[in-house]
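Text of the file coords_12.cif, holding mmCIF, N, CA and C atoms:
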data_protein
#
loop_
_atom_site.label_atom_id
_atom_site.label_comp_id
_atom_site.auth_asym_id
_atom_site.auth_seq_id
_atom_site.Cartn_x
_atom_site.Cartn_y
_atom_site.Cartn_z
N MET A 24 -4.75 3.74 -12.45
CA MET A 24 -5.93 2.92 -12.21
C MET A 24 -7.11 3.53 -12.95
N THR A 25 -7.86 2.67 -13.60
CA THR A 25 -8.91 3.17 -14.46
C THR A 25 -10.23 3.43 -13.74
N HIS A 26 -10.56 2.60 -12.78
CA HIS A 26 -11.84 2.82 -12.09
C HIS A 26 -11.65 2.60 -10.60
N SER A 27 -12.69 3.02 -9.86
CA SER A 27 -12.54 2.83 -8.41
C SER A 27 -13.35 1.62 -7.98
N PHE A 28 -12.89 0.99 -6.93
CA PHE A 28 -13.50 -0.21 -6.41
C PHE A 28 -14.39 0.15 -5.23
N SER A 29 -15.45 -0.62 -5.06
CA SER A 29 -16.37 -0.30 -3.97
C SER A 29 -15.76 -0.72 -2.63
N ILE A 30 -16.04 0.10 -1.64
CA ILE A 30 -15.54 -0.14 -0.29
C ILE A 30 -16.71 0.07 0.66
N LYS A 31 -16.93 -0.88 1.56
CA LYS A 31 -18.01 -0.74 2.55
C LYS A 31 -17.63 0.33 3.56
N THR A 32 -18.58 1.20 3.85
CA THR A 32 -18.33 2.27 4.83
C THR A 32 -19.46 2.29 5.86
N LYS A 33 -19.16 2.88 7.01
CA LYS A 33 -20.20 3.09 8.03
C LYS A 33 -19.83 4.35 8.81
N LEU A 34 -20.84 4.96 9.43
CA LEU A 34 -20.61 6.13 10.26
C LEU A 34 -20.72 5.75 11.73
N VAL A 35 -19.74 6.17 12.51
CA VAL A 35 -19.77 5.95 13.96
C VAL A 35 -19.43 7.29 14.60
N ASN A 36 -20.35 7.81 15.41
CA ASN A 36 -20.14 9.13 16.03
C ASN A 36 -19.72 10.17 14.99
N SER A 37 -20.43 10.19 13.88
CA SER A 37 -20.20 11.09 12.75
C SER A 37 -18.78 11.01 12.15
N LYS A 38 -18.09 9.90 12.38
CA LYS A 38 -16.81 9.64 11.71
C LYS A 38 -17.02 8.48 10.74
N GLU A 39 -16.43 8.61 9.54
CA GLU A 39 -16.59 7.55 8.56
C GLU A 39 -15.50 6.49 8.73
N TYR A 40 -15.92 5.23 8.68
CA TYR A 40 -15.01 4.09 8.73
C TYR A 40 -15.18 3.29 7.45
N LEU A 41 -14.11 2.66 7.02
CA LEU A 41 -14.25 1.77 5.88
C LEU A 41 -13.77 0.38 6.27
N PHE A 42 -14.37 -0.61 5.60
CA PHE A 42 -14.03 -1.98 5.95
C PHE A 42 -12.87 -2.46 5.09
N ASP A 43 -11.79 -2.85 5.75
CA ASP A 43 -10.62 -3.37 5.05
C ASP A 43 -10.74 -4.89 5.00
N GLU A 44 -10.96 -5.41 3.79
CA GLU A 44 -11.14 -6.85 3.61
C GLU A 44 -9.84 -7.63 3.85
N LEU A 45 -8.69 -6.97 3.71
CA LEU A 45 -7.42 -7.67 3.97
C LEU A 45 -7.20 -7.84 5.47
N ARG A 46 -7.38 -6.74 6.22
CA ARG A 46 -7.18 -6.81 7.67
C ARG A 46 -8.41 -7.32 8.39
N LYS A 47 -9.52 -7.41 7.65
CA LYS A 47 -10.81 -7.88 8.17
C LYS A 47 -11.26 -7.06 9.38
N LYS A 48 -11.14 -5.72 9.23
CA LYS A 48 -11.62 -4.86 10.31
C LYS A 48 -11.96 -3.47 9.76
N TRP A 49 -12.70 -2.72 10.58
CA TRP A 49 -13.08 -1.35 10.22
C TRP A 49 -11.93 -0.41 10.55
N ILE A 50 -11.61 0.48 9.62
CA ILE A 50 -10.50 1.42 9.74
C ILE A 50 -11.06 2.83 9.56
N LEU A 51 -10.59 3.77 10.37
CA LEU A 51 -11.02 5.16 10.20
C LEU A 51 -10.69 5.61 8.78
N SER A 52 -11.67 6.19 8.11
CA SER A 52 -11.49 6.62 6.73
C SER A 52 -10.67 7.91 6.68
N THR A 53 -9.55 7.86 5.97
CA THR A 53 -8.73 9.04 5.71
C THR A 53 -8.43 9.03 4.22
N PRO A 54 -8.04 10.18 3.66
CA PRO A 54 -7.70 10.19 2.23
C PRO A 54 -6.60 9.15 1.89
N GLU A 55 -5.59 9.04 2.75
CA GLU A 55 -4.52 8.06 2.49
C GLU A 55 -5.05 6.62 2.56
N GLU A 56 -5.91 6.35 3.54
CA GLU A 56 -6.47 5.00 3.67
C GLU A 56 -7.30 4.64 2.44
N SER A 57 -8.03 5.61 1.90
CA SER A 57 -8.82 5.35 0.69
C SER A 57 -7.91 4.97 -0.48
N VAL A 58 -6.79 5.68 -0.62
CA VAL A 58 -5.82 5.37 -1.67
C VAL A 58 -5.27 3.95 -1.46
N ARG A 59 -4.93 3.63 -0.21
CA ARG A 59 -4.38 2.30 0.11
C ARG A 59 -5.39 1.20 -0.25
N GLN A 60 -6.66 1.40 0.12
CA GLN A 60 -7.70 0.41 -0.17
C GLN A 60 -7.89 0.24 -1.68
N GLN A 61 -7.96 1.37 -2.38
CA GLN A 61 -8.14 1.30 -3.84
C GLN A 61 -6.96 0.58 -4.49
N PHE A 62 -5.75 0.83 -3.99
CA PHE A 62 -4.58 0.26 -4.65
C PHE A 62 -4.46 -1.24 -4.43
N TRP A 63 -4.73 -1.72 -3.22
CA TRP A 63 -4.63 -3.18 -3.06
C TRP A 63 -5.71 -3.88 -3.86
N LYS A 64 -6.88 -3.26 -3.96
CA LYS A 64 -7.94 -3.87 -4.76
C LYS A 64 -7.57 -3.89 -6.24
N TYR A 65 -6.91 -2.83 -6.69
CA TYR A 65 -6.41 -2.79 -8.07
C TYR A 65 -5.41 -3.94 -8.30
N LEU A 66 -4.49 -4.12 -7.35
CA LEU A 66 -3.49 -5.20 -7.47
C LEU A 66 -4.18 -6.58 -7.51
N HIS A 67 -5.21 -6.72 -6.69
CA HIS A 67 -5.90 -8.02 -6.59
C HIS A 67 -6.82 -8.26 -7.78
N PHE A 68 -7.73 -7.33 -8.06
CA PHE A 68 -8.76 -7.56 -9.07
C PHE A 68 -8.27 -7.31 -10.50
N GLU A 69 -7.38 -6.34 -10.70
CA GLU A 69 -6.90 -6.04 -12.05
C GLU A 69 -5.63 -6.80 -12.39
N LYS A 70 -4.70 -6.83 -11.45
CA LYS A 70 -3.40 -7.45 -11.72
C LYS A 70 -3.32 -8.90 -11.25
N LYS A 71 -4.41 -9.36 -10.62
CA LYS A 71 -4.56 -10.78 -10.24
C LYS A 71 -3.57 -11.29 -9.19
N TYR A 72 -3.08 -10.40 -8.32
CA TYR A 72 -2.26 -10.87 -7.20
C TYR A 72 -3.20 -11.44 -6.16
N PRO A 73 -2.94 -12.67 -5.67
CA PRO A 73 -3.83 -13.22 -4.64
C PRO A 73 -3.73 -12.43 -3.33
N LYS A 74 -4.85 -12.33 -2.64
CA LYS A 74 -4.88 -11.62 -1.36
C LYS A 74 -3.85 -12.18 -0.39
N SER A 75 -3.60 -13.48 -0.49
CA SER A 75 -2.66 -14.13 0.45
C SER A 75 -1.23 -13.62 0.28
N LEU A 76 -0.93 -12.98 -0.86
CA LEU A 76 0.43 -12.46 -1.09
C LEU A 76 0.53 -10.96 -0.85
N ILE A 77 -0.57 -10.34 -0.38
CA ILE A 77 -0.57 -8.89 -0.13
C ILE A 77 -0.64 -8.62 1.37
N ALA A 78 0.36 -7.88 1.87
CA ALA A 78 0.36 -7.48 3.28
C ALA A 78 0.06 -5.99 3.34
N ILE A 79 -0.67 -5.57 4.36
CA ILE A 79 -1.07 -4.16 4.48
C ILE A 79 -0.67 -3.63 5.86
N GLU A 80 -0.01 -2.48 5.85
CA GLU A 80 0.38 -1.79 7.09
C GLU A 80 1.01 -2.71 8.14
N LYS A 81 2.12 -3.29 7.79
CA LYS A 81 2.85 -4.13 8.75
C LYS A 81 4.09 -3.39 9.23
N LYS A 82 4.50 -3.74 10.44
CA LYS A 82 5.65 -3.07 11.05
C LYS A 82 6.95 -3.66 10.52
N ILE A 83 7.92 -2.79 10.25
CA ILE A 83 9.28 -3.23 9.99
C ILE A 83 10.20 -2.30 10.77
N VAL A 84 11.37 -2.78 11.08
CA VAL A 84 12.34 -1.96 11.81
C VAL A 84 13.39 -1.47 10.81
N VAL A 85 13.51 -0.15 10.71
CA VAL A 85 14.46 0.48 9.79
C VAL A 85 15.38 1.38 10.61
N ASN A 86 16.67 1.08 10.57
CA ASN A 86 17.66 1.84 11.35
C ASN A 86 17.25 1.98 12.82
N GLY A 87 16.76 0.88 13.39
CA GLY A 87 16.39 0.88 14.80
C GLY A 87 15.05 1.54 15.10
N LEU A 88 14.36 2.03 14.07
CA LEU A 88 13.06 2.69 14.28
C LEU A 88 11.93 1.82 13.76
N ASN A 89 10.81 1.81 14.49
CA ASN A 89 9.64 1.09 14.03
C ASN A 89 8.94 1.90 12.95
N LYS A 90 8.77 1.30 11.79
CA LYS A 90 8.09 1.94 10.67
C LYS A 90 6.98 1.01 10.20
N ARG A 91 6.08 1.53 9.38
CA ARG A 91 5.03 0.70 8.80
C ARG A 91 4.99 0.96 7.30
N PHE A 92 5.07 -0.12 6.53
CA PHE A 92 4.87 0.06 5.09
C PHE A 92 3.38 0.03 4.82
N ASP A 93 2.97 0.64 3.71
CA ASP A 93 1.54 0.66 3.36
C ASP A 93 1.10 -0.68 2.80
N LEU A 94 1.76 -1.10 1.72
CA LEU A 94 1.42 -2.37 1.09
C LEU A 94 2.70 -3.07 0.67
N LEU A 95 2.68 -4.39 0.75
CA LEU A 95 3.80 -5.18 0.29
C LEU A 95 3.24 -6.41 -0.40
N VAL A 96 3.71 -6.63 -1.62
CA VAL A 96 3.29 -7.82 -2.37
C VAL A 96 4.47 -8.78 -2.37
N PHE A 97 4.20 -10.02 -2.00
CA PHE A 97 5.22 -11.07 -1.98
C PHE A 97 5.15 -11.89 -3.27
N ASP A 98 6.27 -12.48 -3.65
CA ASP A 98 6.24 -13.41 -4.78
C ASP A 98 5.81 -14.79 -4.28
N GLU A 99 5.76 -15.77 -5.19
CA GLU A 99 5.28 -17.12 -4.84
C GLU A 99 6.17 -17.78 -3.78
N LEU A 100 7.43 -17.34 -3.69
CA LEU A 100 8.35 -17.93 -2.71
C LEU A 100 8.31 -17.21 -1.36
N GLY A 101 7.46 -16.19 -1.26
CA GLY A 101 7.33 -15.46 0.00
C GLY A 101 8.35 -14.35 0.17
N LYS A 102 9.05 -13.99 -0.91
CA LYS A 102 10.02 -12.89 -0.84
C LYS A 102 9.33 -11.59 -1.21
N PRO A 103 9.73 -10.45 -0.59
CA PRO A 103 9.15 -9.17 -0.98
C PRO A 103 9.35 -8.89 -2.47
N HIS A 104 8.26 -8.56 -3.16
CA HIS A 104 8.31 -8.34 -4.61
C HIS A 104 8.05 -6.86 -4.95
N ILE A 105 7.00 -6.28 -4.35
CA ILE A 105 6.64 -4.88 -4.63
C ILE A 105 6.33 -4.17 -3.30
N ILE A 106 6.99 -3.03 -3.07
CA ILE A 106 6.66 -2.19 -1.92
C ILE A 106 5.84 -1.02 -2.46
N ILE A 107 4.69 -0.77 -1.86
CA ILE A 107 3.83 0.34 -2.31
C ILE A 107 3.69 1.34 -1.17
N GLU A 108 4.01 2.59 -1.47
CA GLU A 108 3.84 3.69 -0.52
C GLU A 108 2.66 4.53 -0.99
N CYS A 109 1.65 4.66 -0.13
CA CYS A 109 0.44 5.41 -0.47
C CYS A 109 0.41 6.73 0.30
N LYS A 110 0.02 7.77 -0.39
CA LYS A 110 -0.14 9.09 0.21
C LYS A 110 -1.54 9.60 -0.09
N SER A 111 -1.97 10.59 0.66
CA SER A 111 -3.23 11.27 0.38
C SER A 111 -3.12 11.97 -0.97
N PRO A 112 -4.24 12.11 -1.70
CA PRO A 112 -4.19 12.84 -2.97
C PRO A 112 -3.66 14.27 -2.82
N LYS A 113 -3.74 14.84 -1.62
CA LYS A 113 -3.25 16.20 -1.40
C LYS A 113 -1.72 16.25 -1.28
N VAL A 114 -1.10 15.07 -1.04
CA VAL A 114 0.35 15.02 -0.84
C VAL A 114 1.05 14.76 -2.16
N LYS A 115 2.01 15.63 -2.46
CA LYS A 115 2.78 15.48 -3.69
C LYS A 115 3.80 14.36 -3.51
N ILE A 116 3.96 13.54 -4.53
CA ILE A 116 5.00 12.51 -4.51
C ILE A 116 6.31 13.21 -4.81
N ASP A 117 7.24 13.19 -3.85
CA ASP A 117 8.48 13.94 -4.03
C ASP A 117 9.68 13.13 -3.52
N GLN A 118 10.81 13.77 -3.43
CA GLN A 118 12.04 13.11 -2.99
C GLN A 118 11.89 12.51 -1.59
N LYS A 119 11.17 13.23 -0.71
CA LYS A 119 10.96 12.75 0.66
C LYS A 119 10.19 11.41 0.64
N THR A 120 9.16 11.33 -0.21
CA THR A 120 8.38 10.09 -0.36
C THR A 120 9.28 8.97 -0.87
N LEU A 121 10.09 9.29 -1.86
CA LEU A 121 11.01 8.30 -2.43
C LEU A 121 12.02 7.84 -1.38
N ASP A 122 12.58 8.78 -0.63
CA ASP A 122 13.56 8.42 0.42
C ASP A 122 12.91 7.50 1.46
N GLN A 123 11.65 7.79 1.81
CA GLN A 123 10.94 6.97 2.78
C GLN A 123 10.84 5.53 2.29
N VAL A 124 10.40 5.35 1.06
CA VAL A 124 10.21 4.00 0.54
C VAL A 124 11.56 3.31 0.27
N LEU A 125 12.58 4.09 -0.07
CA LEU A 125 13.91 3.50 -0.26
C LEU A 125 14.49 2.96 1.05
N SER A 126 14.14 3.60 2.17
CA SER A 126 14.60 3.09 3.47
C SER A 126 13.96 1.72 3.75
N TYR A 127 12.71 1.53 3.30
CA TYR A 127 12.05 0.23 3.44
C TYR A 127 12.70 -0.77 2.48
N GLN A 128 13.02 -0.28 1.28
CA GLN A 128 13.63 -1.12 0.26
C GLN A 128 14.97 -1.69 0.74
N ASN A 129 15.76 -0.87 1.42
CA ASN A 129 17.05 -1.34 1.94
C ASN A 129 16.87 -2.55 2.84
N LYS A 130 15.78 -2.57 3.58
CA LYS A 130 15.49 -3.66 4.51
C LYS A 130 14.85 -4.85 3.79
N LEU A 131 13.94 -4.58 2.86
CA LEU A 131 13.11 -5.63 2.26
C LEU A 131 13.63 -6.19 0.94
N THR A 132 14.47 -5.44 0.25
CA THR A 132 15.01 -5.80 -1.08
C THR A 132 13.95 -6.37 -2.03
N ALA A 133 12.95 -5.55 -2.32
CA ALA A 133 11.91 -5.91 -3.28
C ALA A 133 12.39 -5.63 -4.70
N ASN A 134 11.67 -6.16 -5.68
CA ASN A 134 12.01 -5.94 -7.09
C ASN A 134 11.46 -4.63 -7.63
N PHE A 135 10.37 -4.17 -7.03
CA PHE A 135 9.72 -2.94 -7.49
C PHE A 135 9.31 -2.07 -6.31
N ILE A 136 9.28 -0.76 -6.57
CA ILE A 136 8.76 0.22 -5.63
C ILE A 136 7.66 0.98 -6.37
N ILE A 137 6.53 1.16 -5.71
CA ILE A 137 5.46 1.97 -6.29
C ILE A 137 5.12 3.08 -5.30
N LEU A 138 5.03 4.30 -5.83
CA LEU A 138 4.62 5.47 -5.04
C LEU A 138 3.32 5.97 -5.66
N THR A 139 2.29 6.16 -4.83
CA THR A 139 1.02 6.66 -5.38
C THR A 139 0.31 7.57 -4.40
N ASN A 140 -0.38 8.56 -4.95
CA ASN A 140 -1.28 9.38 -4.14
C ASN A 140 -2.70 9.27 -4.70
N GLY A 141 -2.90 8.26 -5.52
CA GLY A 141 -4.22 8.05 -6.12
C GLY A 141 -4.42 8.84 -7.40
N LEU A 142 -3.66 9.92 -7.56
CA LEU A 142 -3.74 10.74 -8.77
C LEU A 142 -2.57 10.44 -9.70
N LYS A 143 -1.40 10.34 -9.10
CA LYS A 143 -0.19 10.00 -9.83
C LYS A 143 0.42 8.76 -9.20
N THR A 144 0.90 7.87 -10.05
CA THR A 144 1.54 6.64 -9.58
C THR A 144 2.85 6.46 -10.33
N TYR A 145 3.90 6.18 -9.56
CA TYR A 145 5.21 5.94 -10.15
C TYR A 145 5.65 4.53 -9.78
N CYS A 146 6.20 3.83 -10.74
CA CYS A 146 6.72 2.48 -10.49
C CYS A 146 8.20 2.46 -10.87
N ILE A 147 9.01 1.96 -9.96
CA ILE A 147 10.45 1.92 -10.19
C ILE A 147 10.90 0.47 -10.06
N GLU A 148 11.59 -0.03 -11.08
CA GLU A 148 12.14 -1.38 -10.99
C GLU A 148 13.53 -1.27 -10.37
N ILE A 149 13.81 -2.15 -9.43
CA ILE A 149 15.09 -2.14 -8.73
C ILE A 149 15.97 -3.25 -9.29
N ASP A 150 17.17 -2.89 -9.69
CA ASP A 150 18.14 -3.89 -10.14
C ASP A 150 18.87 -4.40 -8.91
N LEU A 151 18.48 -5.58 -8.43
CA LEU A 151 19.05 -6.10 -7.18
C LEU A 151 20.48 -6.61 -7.35
N GLU A 152 20.96 -6.67 -8.58
CA GLU A 152 22.36 -7.05 -8.82
C GLU A 152 23.24 -5.86 -8.50
#
Let me see the file written as structure tokens.
Amino acid sequence: MTHSFSIKTKLVNSKEYLFDELRKKWILSTPEESVRQQFWKYLHFEKKYPKSLIAIEKKIVVNGLNKRFDLLVFDELGKPHIIIECKSPKVKIDQKTLDQVLSYQNKLTANFIILTNGLKTYCIEIDLE
């Protein structure tokens, strides 16, 4: 990503919150949340994916466990197209991160997986055949 997008913030009891335009609510600001916000805005404003096709932090059940994906982009038919896993810039993208997103992939069967910590971003195309 070439530039950063503006995000509305506010302080409540000396904690910073940022406004998530997708969820339409204030979210406690964390390094990971900042990466998540920047990435969906990049997908929307730079890559032109409509907001209506982007889901953020939704629950899915993987191997009987409740999990939450960070971002999911659907195609025009409503099928999962891109799964995005966001980490804090302090977290290295490694095999554990890949395994985490692959467990979501097994359930969602998207065409692409993206792993990002805001500093490094990896995109993997999945051959669904």
Distance of atom CA of Thr139 of chain A from atom CA of Cys109 of chain A, expressed in Å to one decimal place: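 So the two atoms, atom CA of Cys109 of chain A and atom CA of Thr139 of chain A, lie 5.1 Å apart.
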Distance query 12 Å from (11.2, 4.7, 4.1) using only C-alpha atoms, result as a VMD selection string: chain A and resid 82 to 86 88 to 93 106 to 109 118 to 131 136 138
Secondary structure check, helix (DSSP H, G or I) residues of chain A, as a PyMOL selection string: chain A and resi 54-69+74-76+118-131
Please tabulate, as a tab-separated table, the residues of segment 98-134 of chain A that come within 6.5 Å of segment 39-58 of chain A, each with its closest pair of atoms and the distance in Å to one decimal, counting all atoms listed in the file and ordering rows by chain, then residue number upward.
residue	atom	partner	partner_atom	distance
A:Cys109	C	A:Glu55	CA	5.6
A:Lys110	C	A:Glu55	CA	4.2
A:Ser111	CA	A:Glu55	N	4.0
A:Pro112	N	A:Pro54	C	5.2
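Between atom C of Ser27 of chain A and atom N of Phe62 of chain A lies a distance of 8.6 Å.
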Which of chain A fall in strand (DSSP E), as a PyMOL selection string: chain A and resi 32-35+38-43+48-51+77-85+88-97+103-109+135-139+144-148
Distance of atom CA of Leu151 of chain A from atom CA of His104 of chain A, expressed in Å to one decimal place: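 Atom-to-atom, atom CA of His104 of chain A and atom CA of Leu151 of chain A are spaced 11.3 Å apart.
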Residues in the PyMOL selection byres ((chain A and resi 103) around 6), expressed as an NGL selection string: :A and (96-98 or 101-102 or 104-105 or 131-134)
I need the residues from that last selection saved to file as a PDB file, keeping the file's coordinate frame (with N, CA and C atoms), if you can.
ATOM      1  N   VAL A  96       3.710  -6.630  -1.620  1.00  0.00           N
ATOM      2  CA  VAL A  96       3.290  -7.820  -2.370  1.00  0.00           C
ATOM      3  C   VAL A  96       4.470  -8.780  -2.370  1.00  0.00           C
ATOM      4  N   PHE A  97       4.200 -10.020  -2.000  1.00  0.00           N
ATOM      5  CA  PHE A  97       5.220 -11.070  -1.980  1.00  0.00           C
ATOM      6  C   PHE A  97       5.150 -11.890  -3.270  1.00  0.00           C
ATOM      7  N   ASP A  98       6.270 -12.480  -3.650  1.00  0.00           N
ATOM      8  CA  ASP A  98       6.240 -13.410  -4.780  1.00  0.00           C
ATOM      9  C   ASP A  98       5.810 -14.790  -4.280  1.00  0.00           C
ATOM     10  N   GLY A 101       7.460 -16.190  -1.260  1.00  0.00           N
ATOM     11  CA  GLY A 101       7.330 -15.460   0.000  1.00  0.00           C
ATOM     12  C   GLY A 101       8.350 -14.350   0.170  1.00  0.00           C
ATOM     13  N   LYS A 102       9.050 -13.990  -0.910  1.00  0.00           N
ATOM     14  CA  LYS A 102      10.020 -12.890  -0.840  1.00  0.00           C
ATOM     15  C   LYS A 102       9.330 -11.590  -1.210  1.00  0.00           C
ATOM     16  N   HIS A 104       8.260  -8.560  -3.160  1.00  0.00           N
ATOM     17  CA  HIS A 104       8.310  -8.340  -4.610  1.00  0.00           C
ATOM     18  C   HIS A 104       8.050  -6.860  -4.950  1.00  0.00           C
ATOM     19  N   ILE A 105       7.000  -6.280  -4.350  1.00  0.00           N
ATOM     20  CA  ILE A 105       6.640  -4.880  -4.630  1.00  0.00           C
ATOM     21  C   ILE A 105       6.330  -4.170  -3.300  1.00  0.00           C
ATOM     22  N   LEU A 131      13.940  -4.580   2.860  1.00  0.00           N
ATOM     23  CA  LEU A 131      13.110  -5.630   2.260  1.00  0.00           C
ATOM     24  C   LEU A 131      13.630  -6.190   0.940  1.00  0.00           C
ATOM     25  N   THR A 132      14.470  -5.440   0.250  1.00  0.00           N
ATOM     26  CA  THR A 132      15.010  -5.800  -1.080  1.00  0.00           C
ATOM     27  C   THR A 132      13.950  -6.370  -2.030  1.00  0.00           C
ATOM     28  N   ALA A 133      12.950  -5.550  -2.320  1.00  0.00           N
ATOM     29  CA  ALA A 133      11.910  -5.910  -3.280  1.00  0.00           C
ATOM     30  C   ALA A 133      12.390  -5.630  -4.700  1.00  0.00           C
ATOM     31  N   ASN A 134      11.670  -6.160  -5.680  1.00  0.00           N
ATOM     32  CA  ASN A 134      12.010  -5.940  -7.090  1.00  0.00           C
ATOM     33  C   ASN A 134      11.460  -4.630  -7.630  1.00  0.00           C
TER      34      ASN A 134
END
Given the PyMOL selection byres (((chain A and resi 28 and name CA) around 12) and name CA), the residues it picks as a PyMOL selection string: chain A and resi 24-27+29-31+57-69
Explicit residues for the PyMOL selection byres ((chain A and resi 78) around 7) (as JSON, numbers by chain): {"A": [74, 75, 76, 77, 79, 80, 81, 93, 94, 95, 96, 97]}
Given the selection you just returned, output its residues as a file containing N, CA and C atoms, formatted as a PDB file, in the coordinates of the input.
ATOM      1  N   LYS A  74      -4.850 -12.330  -2.640  1.00  0.00           N
ATOM      2  CA  LYS A  74      -4.880 -11.620  -1.360  1.00  0.00           C
ATOM      3  C   LYS A  74      -3.850 -12.180  -0.390  1.00  0.00           C
ATOM      4  N   SER A  75      -3.600 -13.480  -0.490  1.00  0.00           N
ATOM      5  CA  SER A  75      -2.660 -14.130   0.450  1.00  0.00           C
ATOM      6  C   SER A  75      -1.230 -13.620   0.280  1.00  0.00           C
ATOM      7  N   LEU A  76      -0.930 -12.980  -0.860  1.00  0.00           N
ATOM      8  CA  LEU A  76       0.430 -12.460  -1.090  1.00  0.00           C
ATOM      9  C   LEU A  76       0.530 -10.960  -0.850  1.00  0.00           C
ATOM     10  N   ILE A  77      -0.570 -10.340  -0.380  1.00  0.00           N
ATOM     11  CA  ILE A  77      -0.570  -8.890  -0.130  1.00  0.00           C
ATOM     12  C   ILE A  77      -0.640  -8.620   1.370  1.00  0.00           C
ATOM     13  N   ILE A  79      -0.670  -5.570   4.360  1.00  0.00           N
ATOM     14  CA  ILE A  79      -1.070  -4.160   4.480  1.00  0.00           C
ATOM     15  C   ILE A  79      -0.670  -3.630   5.860  1.00  0.00           C
ATOM     16  N   GLU A  80      -0.010  -2.480   5.850  1.00  0.00           N
ATOM     17  CA  GLU A  80       0.380  -1.790   7.090  1.00  0.00           C
ATOM     18  C   GLU A  80       1.010  -2.710   8.140  1.00  0.00           C
ATOM     19  N   LYS A  81       2.120  -3.290   7.790  1.00  0.00           N
ATOM     20  CA  LYS A  81       2.850  -4.130   8.750  1.00  0.00           C
ATOM     21  C   LYS A  81       4.090  -3.390   9.230  1.00  0.00           C
ATOM     22  N   ASP A  93       2.970   0.640   3.710  1.00  0.00           N
ATOM     23  CA  ASP A  93       1.540   0.660   3.360  1.00  0.00           C
ATOM     24  C   ASP A  93       1.100  -0.680   2.800  1.00  0.00           C
ATOM     25  N   LEU A  94       1.760  -1.100   1.720  1.00  0.00           N
ATOM     26  CA  LEU A  94       1.420  -2.370   1.090  1.00  0.00           C
ATOM     27  C   LEU A  94       2.700  -3.070   0.670  1.00  0.00           C
ATOM     28  N   LEU A  95       2.680  -4.390   0.750  1.00  0.00           N
ATOM     29  CA  LEU A  95       3.800  -5.180   0.290  1.00  0.00           C
ATOM     30  C   LEU A  95       3.240  -6.410  -0.400  1.00  0.00           C
ATOM     31  N   VAL A  96       3.710  -6.630  -1.620  1.00  0.00           N
ATOM     32  CA  VAL A  96       3.290  -7.820  -2.370  1.00  0.00           C
ATOM     33  C   VAL A  96       4.470  -8.780  -2.370  1.00  0.00           C
ATOM     34  N   PHE A  97       4.200 -10.020  -2.000  1.00  0.00           N
ATOM     35  CA  PHE A  97       5.220 -11.070  -1.980  1.00  0.00           C
ATOM     36  C   PHE A  97       5.150 -11.890  -3.270  1.00  0.00           C
TER      37      PHE A  97
END
